[in-house]
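**Student:** File work_12.cif below, mmCIF, C-alpha atoms:
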data_data
#
loop_
_atom_site.group_PDB
_atom_site.id
_atom_site.type_symbol
_atom_site.label_atom_id
_atom_site.label_comp_id
_atom_site.auth_asym_id
_atom_site.auth_seq_id
_atom_site.Cartn_x
_atom_site.Cartn_y
_atom_site.Cartn_z
ATOM 1 C CA ARG M 28 0.000 0.000 0.000
ATOM 2 C CA TYR M 29 0.992 3.631 -0.540
ATOM 3 C CA GLU M 30 1.224 5.624 2.701
ATOM 4 C CA LEU M 31 1.456 9.356 3.392
ATOM 5 C CA LYS M 32 1.746 10.961 6.843
ATOM 6 C CA MET M 33 1.502 14.320 8.593
ATOM 7 C CA ALA M 34 2.597 15.061 12.156
ATOM 8 C CA ILE M 35 1.096 18.123 13.888
ATOM 9 C CA ASN M 36 0.656 19.479 17.400
ATOM 10 C CA GLY M 37 -1.720 17.377 19.489
ATOM 11 C CA ARG M 38 -3.667 20.463 20.542
ATOM 12 C CA LEU M 39 -5.004 20.594 16.977
ATOM 13 C CA LEU M 40 -7.054 17.398 17.401
ATOM 14 C CA PRO M 41 -10.451 19.140 16.876
ATOM 15 C CA ASN M 42 -9.050 20.853 13.780
ATOM 16 C CA ALA M 43 -7.674 17.593 12.382
ATOM 17 C CA ARG M 44 -11.021 15.847 12.806
ATOM 18 C CA ASN M 45 -12.701 18.695 10.950
ATOM 19 C CA TRP M 46 -10.107 18.516 8.143
ATOM 20 C CA LEU M 47 -11.072 14.895 7.598
ATOM 21 C CA ARG M 48 -14.838 15.320 7.978
ATOM 22 C CA LEU M 49 -14.936 18.320 5.622
ATOM 23 C CA HIS M 50 -12.389 16.987 3.128
ATOM 24 C CA PRO M 51 -13.599 16.936 -0.523
ATOM 25 C CA ALA M 52 -12.692 13.237 -0.657
ATOM 26 C CA GLY M 53 -15.770 12.607 1.518
ATOM 27 C CA PHE M 54 -14.149 10.789 4.425
ATOM 28 C CA ARG M 55 -16.562 9.155 6.870
ATOM 29 C CA THR M 56 -16.013 7.277 10.112
ATOM 30 C CA ALA M 57 -15.104 3.662 9.371
ATOM 31 C CA TYR M 58 -14.852 2.145 12.873
ATOM 32 C CA PRO M 59 -15.196 3.276 16.484
ATOM 33 C CA THR M 60 -12.103 4.789 18.090
ATOM 34 C CA ARG M 61 -9.741 2.186 19.565
ATOM 35 C CA LEU M 62 -6.890 2.195 22.047
ATOM 36 C CA VAL M 63 -3.932 0.729 20.121
ATOM 37 C CA ASN M 64 -0.876 -0.887 21.712
ATOM 38 C CA SER M 65 2.369 -2.109 20.159
ATOM 39 C CA LEU M 66 5.361 -3.931 21.567
ATOM 40 C CA TYR M 67 8.411 -3.514 19.321
ATOM 41 C CA LEU M 68 11.116 -6.150 19.094
ATOM 42 C CA ASP M 69 14.524 -5.217 17.721
ATOM 43 C CA THR M 70 18.013 -6.678 17.554
ATOM 44 C CA PRO M 71 20.320 -6.075 20.528
ATOM 45 C CA HIS M 72 22.081 -3.448 18.386
ATOM 46 C CA LEU M 73 18.759 -1.785 17.435
ATOM 47 C CA ASN M 74 19.085 -2.397 13.704
ATOM 48 C CA ALA M 75 15.477 -1.458 12.967
ATOM 49 C CA LEU M 76 15.821 1.839 14.813
ATOM 50 C CA THR M 77 19.080 2.662 13.016
ATOM 51 C CA ALA M 78 17.569 1.872 9.609
ATOM 52 C CA ASN M 79 14.722 4.283 10.319
ATOM 53 C CA ILE M 80 16.942 7.085 11.571
ATOM 54 C CA ILE M 81 19.315 7.012 8.604
ATOM 55 C CA GLY M 82 16.444 6.592 6.137
ATOM 56 C CA VAL M 83 17.193 3.185 4.635
ATOM 57 C CA SER M 84 14.739 2.793 1.748
ATOM 58 C CA ASP M 85 14.099 -0.927 2.374
ATOM 59 C CA ARG M 86 13.488 -1.675 6.035
ATOM 60 C CA GLN M 87 11.368 -3.802 8.331
ATOM 61 C CA LYS M 88 10.395 -4.058 11.990
ATOM 62 C CA LEU M 89 8.741 -6.678 14.154
ATOM 63 C CA ARG M 90 6.003 -5.908 16.642
ATOM 64 C CA LEU M 91 3.072 -7.282 18.598
ATOM 65 C CA ARG M 92 -0.192 -5.374 18.178
ATOM 66 C CA TRP M 93 -3.259 -5.498 20.419
ATOM 67 C CA TYR M 94 -6.151 -3.276 21.507
ATOM 68 C CA GLY M 95 -7.589 -2.078 24.796
ATOM 69 C CA ASP M 96 -6.249 -0.956 28.157
ATOM 70 C CA PHE M 97 -3.489 -3.420 29.034
ATOM 71 C CA GLN M 98 -2.791 -1.619 32.310
ATOM 72 C CA GLN M 99 -6.242 -2.706 33.458
ATOM 73 C CA ASN M 100 -6.018 -6.135 31.824
ATOM 74 C CA PRO M 101 -2.397 -7.237 31.260
ATOM 75 C CA VAL M 102 -3.411 -10.584 29.732
ATOM 76 C CA ILE M 103 -3.410 -9.732 26.033
ATOM 77 C CA GLN M 104 -4.328 -11.502 22.787
ATOM 78 C CA PRO M 105 -1.935 -9.930 20.290
ATOM 79 C CA VAL M 106 -1.115 -10.305 16.617
ATOM 80 C CA LEU M 107 2.522 -10.629 15.560
ATOM 81 C CA GLU M 108 3.279 -8.294 12.669
ATOM 82 C CA LEU M 109 6.259 -7.887 10.382
ATOM 83 C CA LYS M 110 6.051 -4.406 8.870
ATOM 84 C CA PHE M 111 8.109 -3.724 5.775
ATOM 85 C CA LYS M 112 8.576 -0.565 3.768
ATOM 86 C CA HIS M 113 10.184 0.543 0.512
ATOM 87 C CA ASN M 114 10.190 4.341 0.356
ATOM 88 C CA LEU M 115 6.466 5.326 0.485
ATOM 89 C CA VAL M 116 5.144 1.814 -0.164
ATOM 90 C CA GLY M 117 4.515 -0.341 2.887
ATOM 91 C CA GLY M 118 2.906 -3.615 3.859
ATOM 92 C CA LYS M 119 2.790 -6.199 6.611
ATOM 93 C CA GLN M 120 2.614 -9.910 7.323
ATOM 94 C CA ARG M 121 0.476 -10.930 10.290
ATOM 95 C CA PHE M 122 0.088 -13.949 12.549
ATOM 96 C CA ALA M 123 -2.631 -14.085 15.216
ATOM 97 C CA LEU M 124 -1.481 -15.863 18.350
ATOM 98 C CA SER M 125 -3.727 -18.687 19.516
ATOM 99 C CA GLU M 126 -2.929 -18.236 23.227
ATOM 100 C CA PRO M 127 -2.768 -15.022 25.280
ATOM 101 C CA LEU M 128 0.383 -13.470 26.723
ATOM 102 C CA ASP M 129 0.567 -12.274 30.313
ATOM 103 C CA LEU M 130 2.451 -8.992 30.604
ATOM 104 C CA ARG M 131 2.956 -9.562 34.335
ATOM 105 C CA GLN M 132 5.448 -12.321 33.578
ATOM 106 C CA PRO M 133 9.197 -11.852 32.906
ATOM 107 C CA TRP M 134 10.271 -11.163 29.344
ATOM 108 C CA SER M 135 12.042 -14.525 29.190
ATOM 109 C CA ILE M 136 8.739 -16.360 29.693
ATOM 110 C CA ILE M 137 6.764 -14.055 27.396
ATOM 111 C CA LEU M 138 9.240 -14.465 24.531
ATOM 112 C CA ALA M 139 9.427 -18.251 25.020
ATOM 113 C CA THR M 140 5.618 -18.469 24.957
ATOM 114 C CA LEU M 141 5.551 -16.347 21.822
ATOM 115 C CA SER M 142 8.157 -18.481 20.053
ATOM 116 C CA GLU M 143 6.268 -21.680 20.860
ATOM 117 C CA GLN M 144 3.117 -20.390 19.154
ATOM 118 C CA VAL M 145 4.440 -19.032 15.874
ATOM 119 C CA PRO M 146 5.039 -21.030 12.667
ATOM 120 C CA SER M 147 8.624 -22.029 11.915
ATOM 121 C CA LYS M 148 9.095 -19.273 9.301
ATOM 122 C CA TRP M 149 8.665 -16.629 12.028
ATOM 123 C CA ARG M 150 11.238 -18.078 14.439
ATOM 124 C CA PRO M 151 14.372 -16.722 12.712
ATOM 125 C CA LEU M 152 12.823 -13.251 12.917
ATOM 126 C CA LEU M 153 12.181 -13.670 16.636
ATOM 127 C CA THR M 154 15.701 -15.010 17.156
ATOM 128 C CA ALA M 155 17.208 -11.963 15.447
ATOM 129 C CA ALA M 156 14.828 -9.416 16.986
ATOM 130 C CA SER M 157 15.130 -10.803 20.504
ATOM 131 C CA GLN M 158 15.159 -7.507 22.409
ATOM 132 C CA PRO M 159 11.876 -6.004 23.674
ATOM 133 C CA THR M 160 12.527 -2.307 23.202
ATOM 134 C CA LEU M 161 9.368 -0.212 23.409
ATOM 135 C CA ILE M 162 5.681 -0.403 24.227
ATOM 136 C CA ASN M 163 3.596 2.424 22.857
ATOM 137 C CA GLN M 164 -0.073 3.263 23.118
ATOM 138 C CA TYR M 165 -2.371 5.776 21.452
ATOM 139 C CA HIS M 166 -5.966 6.443 20.484
ATOM 140 C CA ARG M 167 -6.864 5.935 16.825
ATOM 141 C CA ASP M 168 -9.812 7.301 14.823
ATOM 142 C CA TYR M 169 -10.606 5.555 11.524
ATOM 143 C CA PHE M 170 -11.935 7.101 8.313
ATOM 144 C CA VAL M 171 -12.616 5.868 4.780
ATOM 145 C CA THR M 172 -13.746 7.362 1.482
ATOM 146 C CA PRO M 173 -17.226 6.423 0.148
ATOM 147 C CA ASP M 174 -15.715 3.948 -2.340
ATOM 148 C CA SER M 175 -13.543 2.392 0.430
ATOM 149 C CA GLN M 176 -10.420 2.844 -1.703
ATOM 150 C CA ILE M 177 -8.679 5.341 0.576
ATOM 151 C CA ARG M 178 -8.354 4.984 4.343
ATOM 152 C CA ALA M 179 -7.235 7.553 6.879
ATOM 153 C CA THR M 180 -6.247 7.231 10.511
ATOM 154 C CA LEU M 181 -5.843 9.849 13.205
ATOM 155 C CA ASP M 182 -3.515 8.880 16.091
ATOM 156 C CA TYR M 183 -3.310 10.953 19.255
ATOM 157 C CA ALA M 184 -2.660 10.890 23.041
ATOM 158 C CA GLN M 185 0.508 8.865 22.560
ATOM 159 C CA LYS M 186 2.383 7.213 25.428
ATOM 160 C CA ALA M 187 5.544 5.096 25.370
ATOM 161 C CA TRP M 188 7.519 2.951 27.811
ATOM 162 C CA ASP M 189 11.156 1.866 27.396
ATOM 163 C CA GLN M 190 11.594 -1.908 27.838
ATOM 164 C CA ARG M 191 15.335 -2.356 27.325
ATOM 165 C CA LEU M 192 16.481 -2.303 30.948
ATOM 166 C CA SER M 193 13.560 -4.086 32.559
ATOM 167 C CA PRO M 194 13.354 -7.873 33.128
ATOM 168 C CA ARG M 195 9.563 -7.545 33.057
ATOM 169 C CA PRO M 196 7.256 -5.342 30.966
ATOM 170 C CA ASN M 197 7.438 -1.758 32.173
ATOM 171 C CA TRP M 198 4.264 0.286 31.964
ATOM 172 C CA HIS M 199 4.766 2.317 35.151
ATOM 173 C CA HIS M 200 7.462 4.767 34.016
ATOM 174 C CA PRO M 201 6.509 6.419 30.710
ATOM 175 C CA LEU M 202 9.005 8.224 28.550
ATOM 176 C CA PRO M 203 8.750 11.968 27.944
ATOM 177 C CA SER M 204 7.164 12.612 24.580
ATOM 178 C CA ASP M 205 6.099 15.412 22.284
ATOM 179 C CA ASP M 206 2.338 15.881 22.050
ATOM 180 C CA LEU M 207 2.102 14.831 18.407
ATOM 181 C CA LEU M 208 -0.942 13.919 16.382
ATOM 182 C CA ILE M 209 -0.423 11.761 13.289
ATOM 183 C CA ILE M 210 -2.670 11.756 10.235
ATOM 184 C CA GLU M 211 -1.981 8.937 7.800
ATOM 185 C CA ILE M 212 -3.741 8.254 4.522
ATOM 186 C CA LYS M 213 -3.213 4.998 2.680
ATOM 187 C CA GLY M 214 -4.431 2.971 -0.266
ATOM 188 C CA ASP M 215 -3.253 0.569 -2.934
ATOM 189 C CA VAL M 216 -0.236 1.602 -4.983
ATOM 190 C CA ALA M 217 -2.580 2.141 -7.939
ATOM 191 C CA GLN M 218 -4.171 4.988 -5.916
ATOM 192 C CA ALA M 219 -0.881 6.883 -5.494
ATOM 193 C CA GLU M 220 -1.865 9.927 -7.576
ATOM 194 C CA ARG M 221 -5.222 10.165 -5.847
ATOM 195 C CA LEU M 222 -3.537 9.946 -2.450
ATOM 196 C CA GLU M 223 -1.157 12.758 -3.362
ATOM 197 C CA ALA M 224 -4.117 14.925 -4.447
ATOM 198 C CA ILE M 225 -5.983 14.169 -1.221
ATOM 199 C CA MET M 226 -2.927 15.027 0.860
ATOM 200 C CA ALA M 227 -2.566 18.368 -0.932
ATOM 201 C CA HIS M 228 -5.922 19.515 0.528
ATOM 202 C CA PHE M 229 -4.703 19.314 4.123
ATOM 203 C CA PRO M 230 -3.370 22.575 5.644
ATOM 204 C CA ALA M 231 -0.230 20.839 6.925
ATOM 205 C CA GLN M 232 2.947 19.507 5.372
ATOM 206 C CA ARG M 233 3.665 15.859 4.722
ATOM 207 C CA THR M 234 6.333 14.461 7.050
ATOM 208 C CA ARG M 235 8.180 11.265 7.902
ATOM 209 C CA ASN M 236 7.176 9.928 11.272
ATOM 210 C CA SER M 237 7.896 6.761 13.236
ATOM 211 C CA LYS M 238 6.260 6.187 16.613
ATOM 212 C CA TYR M 239 8.933 3.597 17.330
ATOM 213 C CA ALA M 240 11.841 5.948 16.595
ATOM 214 C CA ASN M 241 10.205 8.874 18.404
ATOM 215 C CA GLY M 242 9.662 6.758 21.504
ATOM 216 C CA LEU M 243 13.179 5.372 21.754
ATOM 217 C CA LEU M 244 14.867 8.650 20.872
ATOM 218 C CA ALA M 245 12.999 10.274 23.768
ATOM 219 C CA SER M 246 14.980 8.031 26.113
ATOM 220 C CA LEU M 247 18.373 9.293 24.905
#
Represent the structure of the file as structure tokens.

**Tutor:**
Amino acid sequence: RYELKMAINGRLLPNARNWLRLHPAGFRTAYPTRLVNSLYLDTPHLNALTANIIGVSDRQKLRLRWYGDFQQNPVIQPVLELKFKHNLVGGKQRFALSEPLDLRQPWSIILATLSEQVPSKWRPLLTAASQPTLINQYHRDYFVTPDSQIRATLDYAQKAWDQRLSPRPNWHHPLPSDDLLIIEIKGDVAQAERLEAIMAHFPAQRTRNSKYANGLLASL
């Protein structure tokens, strides 16, 4: 899929919602707002983070994705995702875990439980990306055009927790973070020109943005 992003000040959330609702593309609400969580796994030398920072055109990252308030219910039912990107074109492979993970357990047990559940083709990825690095969380609004060809998401109220120095999942000591709001529009590669035209109607500039990189760089 072809992906375009904008990052703006979080105080502009009402404005951003109006930009989408009043956009000539006719965006409408696609799903109810959800609380999105991701656990990122990287190599011990943080190869995925480095690739993002230096702007490698072909890169990938491994994460677990789930929804809801994990602080209230730390037993989660996540999906393992391999995200890959070539310039502005991105995609993902997904595997839904059959058994839940308990975020109250040590990382050693969580990662062993994860490895036991995944198909063999995923295990080399987990072996390489063996370091839990970051948990992030945000609210996401979902929009779609009337023909369902173009989707838009609005991410806000972001939080992040560094996992690198903790033997267990850390969700008690959040990292400092900029109050950023992310608008992303996406569609099939065949819709690239239409996506560019839609983006041009927003009163903000297109930017690169990585929640993973932003979160970890806040810890430096």

**Student:** Just to confirm, what's the straight-line distance from CA of Asn197 (chain M) to CA of Lys112 (chain M) in Å (one decimal)?

**Tutor:**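 Calculated distance between CA of Asn197 (chain M) and CA of Lys112 (chain M) is 28.5 Å.
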
**Student:** Rank M:Leu124, M:Asp168, M:Ile80, M:His113 by their smallest atom-to-atom distance to Trp93 (chain M), using all atoms listed in the file, and report the top residue only.

**Tutor:**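 Comparing M:Leu124, M:Asp168, M:Ile80, M:His113 against Trp93 (chain M), the winner is M:Leu124.
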
**Student:** Given the point (10.6, 9.2, 24.5) in the coordinates of this file, which residues lie within 9 Å, counting only C-alpha atoms, and how would they look as an MDAnalysis selection string?

**Tutor:** chainID M and resid 186:189 201:205 240:247

**Student:** Counting all atoms listed in the file, note down every residue that has an atom within 8 Å of the point (3.0, 8.9, -1.9) (file coordinates), as an MDAnalysis selection string.

**Tutor:** chainID M and resid 29:31 115:116 219:220 222:223

**Student:** For the residues selected in the previous step, produce a file with C-alpha atoms as a compact mmCIF listing (two decimals), in the frame of the given file.

**Tutor:**
# COMPACT_ATOMS: atom_id res chain seq x y z
CA TYR M 29 0.99 3.63 -0.54
CA GLU M 30 1.22 5.62 2.70
CA LEU M 31 1.46 9.36 3.39
CA LEU M 115 6.47 5.33 0.48
CA VAL M 116 5.14 1.81 -0.16
CA ALA M 219 -0.88 6.88 -5.49
CA GLU M 220 -1.86 9.93 -7.58
CA LEU M 222 -3.54 9.95 -2.45
CA GLU M 223 -1.16 12.76 -3.36

**Student:** Which residues, named as in the file, does the PyMOL selection byres ((chain M and resi 85) around 9) pick out? Answer as a ChimeraX atom specification.

**Tutor:** /M:78,82-84,86-87,111-114

**Student:** Separation of CA of Gln185 (chain M) and CA of Tyr165 (chain M), in Å?

**Tutor:**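 It comes out at 4.4 Å.
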
**Student:** Complete region 162-173 of chain M with all heavy atoms (output as a PDB file, in the coordinates of the input).

**Tutor:**
ATOM      1  N   ILE M 162       7.139  -0.283  24.327  1.00  0.00           N
ATOM      2  CA  ILE M 162       5.681  -0.403  24.227  1.00  0.00           C
ATOM      3  C   ILE M 162       5.143   0.996  23.994  1.00  0.00           C
ATOM      4  O   ILE M 162       5.529   1.941  24.700  1.00  0.00           O
ATOM      5  CB  ILE M 162       5.060  -1.005  25.504  1.00  0.00           C
ATOM      6  CG1 ILE M 162       5.460  -2.478  25.655  1.00  0.00           C
ATOM      7  CG2 ILE M 162       3.536  -0.889  25.470  1.00  0.00           C
ATOM      8  CD1 ILE M 162       4.959  -3.128  26.940  1.00  0.00           C
ATOM      9  N   ASN M 163       4.281   1.143  22.997  1.00  0.00           N
ATOM     10  CA  ASN M 163       3.596   2.424  22.857  1.00  0.00           C
ATOM     11  C   ASN M 163       2.088   2.216  22.799  1.00  0.00           C
ATOM     12  O   ASN M 163       1.593   1.108  22.576  1.00  0.00           O
ATOM     13  CB  ASN M 163       4.125   3.254  21.686  1.00  0.00           C
ATOM     14  CG  ASN M 163       3.731   2.712  20.333  1.00  0.00           C
ATOM     15  OD1 ASN M 163       3.042   1.714  20.203  1.00  0.00           O
ATOM     16  ND2 ASN M 163       4.178   3.379  19.291  1.00  0.00           N
ATOM     17  N   GLN M 164       1.388   3.294  23.029  1.00  0.00           N
ATOM     18  CA  GLN M 164      -0.073   3.263  23.118  1.00  0.00           C
ATOM     19  C   GLN M 164      -0.622   4.594  22.620  1.00  0.00           C
ATOM     20  O   GLN M 164      -0.027   5.648  22.875  1.00  0.00           O
ATOM     21  CB  GLN M 164      -0.495   3.040  24.580  1.00  0.00           C
ATOM     22  CG  GLN M 164      -1.993   2.947  24.813  1.00  0.00           C
ATOM     23  CD  GLN M 164      -2.308   2.849  26.302  1.00  0.00           C
ATOM     24  OE1 GLN M 164      -2.237   3.842  27.023  1.00  0.00           O
ATOM     25  NE2 GLN M 164      -2.616   1.644  26.767  1.00  0.00           N
ATOM     26  N   TYR M 165      -1.739   4.549  21.927  1.00  0.00           N
ATOM     27  CA  TYR M 165      -2.371   5.776  21.452  1.00  0.00           C
ATOM     28  C   TYR M 165      -3.821   5.486  21.096  1.00  0.00           C
ATOM     29  O   TYR M 165      -4.230   4.327  20.931  1.00  0.00           O
ATOM     30  CB  TYR M 165      -1.626   6.350  20.232  1.00  0.00           C
ATOM     31  CG  TYR M 165      -1.367   5.359  19.128  1.00  0.00           C
ATOM     32  CD1 TYR M 165      -2.282   5.159  18.105  1.00  0.00           C
ATOM     33  CD2 TYR M 165      -0.198   4.603  19.108  1.00  0.00           C
ATOM     34  CE1 TYR M 165      -2.043   4.242  17.090  1.00  0.00           C
ATOM     35  CE2 TYR M 165       0.053   3.683  18.114  1.00  0.00           C
ATOM     36  CZ  TYR M 165      -0.885   3.509  17.112  1.00  0.00           C
ATOM     37  OH  TYR M 165      -0.638   2.591  16.122  1.00  0.00           O
ATOM     38  N   HIS M 166      -4.600   6.547  20.977  1.00  0.00           N
ATOM     39  CA  HIS M 166      -5.966   6.443  20.484  1.00  0.00           C
ATOM     40  C   HIS M 166      -5.941   6.620  18.971  1.00  0.00           C
ATOM     41  O   HIS M 166      -5.177   7.433  18.449  1.00  0.00           O
ATOM     42  CB  HIS M 166      -6.855   7.508  21.113  1.00  0.00           C
ATOM     43  CG  HIS M 166      -7.134   7.260  22.569  1.00  0.00           C
ATOM     44  ND1 HIS M 166      -6.226   7.578  23.564  1.00  0.00           N
ATOM     45  CD2 HIS M 166      -8.219   6.726  23.190  1.00  0.00           C
ATOM     46  CE1 HIS M 166      -6.745   7.254  24.738  1.00  0.00           C
ATOM     47  NE2 HIS M 166      -7.936   6.727  24.548  1.00  0.00           N
ATOM     48  N   ARG M 167      -6.810   5.860  18.294  1.00  0.00           N
ATOM     49  CA  ARG M 167      -6.864   5.935  16.825  1.00  0.00           C
ATOM     50  C   ARG M 167      -8.311   6.088  16.356  1.00  0.00           C
ATOM     51  O   ARG M 167      -9.184   5.294  16.725  1.00  0.00           O
ATOM     52  CB  ARG M 167      -6.233   4.701  16.188  1.00  0.00           C
ATOM     53  CG  ARG M 167      -6.458   4.576  14.686  1.00  0.00           C
ATOM     54  CD  ARG M 167      -5.586   3.500  14.049  1.00  0.00           C
ATOM     55  NE  ARG M 167      -4.217   4.005  13.834  1.00  0.00           N
ATOM     56  CZ  ARG M 167      -3.261   3.312  13.220  1.00  0.00           C
ATOM     57  NH1 ARG M 167      -3.505   2.080  12.785  1.00  0.00           N
ATOM     58  NH2 ARG M 167      -2.049   3.834  13.047  1.00  0.00           N
ATOM     59  N   ASP M 168      -8.550   7.127  15.539  1.00  0.00           N
ATOM     60  CA  ASP M 168      -9.812   7.301  14.823  1.00  0.00           C
ATOM     61  C   ASP M 168      -9.626   6.786  13.405  1.00  0.00           C
ATOM     62  O   ASP M 168      -8.556   6.966  12.801  1.00  0.00           O
ATOM     63  CB  ASP M 168     -10.214   8.772  14.766  1.00  0.00           C
ATOM     64  CG  ASP M 168     -10.522   9.369  16.135  1.00  0.00           C
ATOM     65  OD1 ASP M 168     -10.589   8.607  17.113  1.00  0.00           O
ATOM     66  OD2 ASP M 168     -10.694  10.603  16.210  1.00  0.00           O
ATOM     67  N   TYR M 169     -10.678   6.186  12.841  1.00  0.00           N
ATOM     68  CA  TYR M 169     -10.606   5.555  11.524  1.00  0.00           C
ATOM     69  C   TYR M 169     -11.590   6.222  10.559  1.00  0.00           C
ATOM     70  O   TYR M 169     -12.758   6.435  10.906  1.00  0.00           O
ATOM     71  CB  TYR M 169     -10.965   4.065  11.616  1.00  0.00           C
ATOM     72  CG  TYR M 169     -10.073   3.249  12.502  1.00  0.00           C
ATOM     73  CD1 TYR M 169     -10.269   3.209  13.882  1.00  0.00           C
ATOM     74  CD2 TYR M 169      -9.035   2.477  11.980  1.00  0.00           C
ATOM     75  CE1 TYR M 169      -9.456   2.444  14.701  1.00  0.00           C
ATOM     76  CE2 TYR M 169      -8.226   1.703  12.787  1.00  0.00           C
ATOM     77  CZ  TYR M 169      -8.440   1.686  14.152  1.00  0.00           C
ATOM     78  OH  TYR M 169      -7.648   0.922  14.965  1.00  0.00           O
ATOM     79  N   PHE M 170     -11.109   6.492   9.344  1.00  0.00           N
ATOM     80  CA  PHE M 170     -11.935   7.101   8.313  1.00  0.00           C
ATOM     81  C   PHE M 170     -11.722   6.376   6.984  1.00  0.00           C
ATOM     82  O   PHE M 170     -10.679   5.754   6.770  1.00  0.00           O
ATOM     83  CB  PHE M 170     -11.578   8.586   8.143  1.00  0.00           C
ATOM     84  CG  PHE M 170     -11.725   9.404   9.395  1.00  0.00           C
ATOM     85  CD1 PHE M 170     -10.684   9.499  10.313  1.00  0.00           C
ATOM     86  CD2 PHE M 170     -12.902  10.081   9.669  1.00  0.00           C
ATOM     87  CE1 PHE M 170     -10.812  10.236  11.476  1.00  0.00           C
ATOM     88  CE2 PHE M 170     -13.048  10.832  10.826  1.00  0.00           C
ATOM     89  CZ  PHE M 170     -11.997  10.903  11.733  1.00  0.00           C
ATOM     90  N   VAL M 171     -12.712   6.498   6.093  1.00  0.00           N
ATOM     91  CA  VAL M 171     -12.616   5.868   4.780  1.00  0.00           C
ATOM     92  C   VAL M 171     -13.416   6.694   3.782  1.00  0.00           C
ATOM     93  O   VAL M 171     -14.387   7.369   4.157  1.00  0.00           O
ATOM     94  CB  VAL M 171     -13.133   4.405   4.838  1.00  0.00           C
ATOM     95  CG1 VAL M 171     -14.637   4.358   5.106  1.00  0.00           C
ATOM     96  CG2 VAL M 171     -12.765   3.636   3.587  1.00  0.00           C
ATOM     97  N   THR M 172     -12.988   6.678   2.529  1.00  0.00           N
ATOM     98  CA  THR M 172     -13.746   7.362   1.482  1.00  0.00           C
ATOM     99  C   THR M 172     -14.991   6.544   1.125  1.00  0.00           C
ATOM    100  O   THR M 172     -15.062   5.352   1.422  1.00  0.00           O
ATOM    101  CB  THR M 172     -12.873   7.557   0.228  1.00  0.00           C
ATOM    102  OG1 THR M 172     -12.334   6.289  -0.172  1.00  0.00           O
ATOM    103  CG2 THR M 172     -11.740   8.536   0.495  1.00  0.00           C
ATOM    104  N   PRO M 173     -15.993   7.154   0.473  1.00  0.00           N
ATOM    105  CA  PRO M 173     -17.226   6.423   0.148  1.00  0.00           C
ATOM    106  C   PRO M 173     -17.003   5.169  -0.685  1.00  0.00           C
ATOM    107  O   PRO M 173     -17.771   4.201  -0.565  1.00  0.00           O
ATOM    108  CB  PRO M 173     -18.056   7.460  -0.612  1.00  0.00           C
ATOM    109  CG  PRO M 173     -17.591   8.775  -0.071  1.00  0.00           C
ATOM    110  CD  PRO M 173     -16.117   8.599   0.174  1.00  0.00           C
TER     111      PRO M 173
END
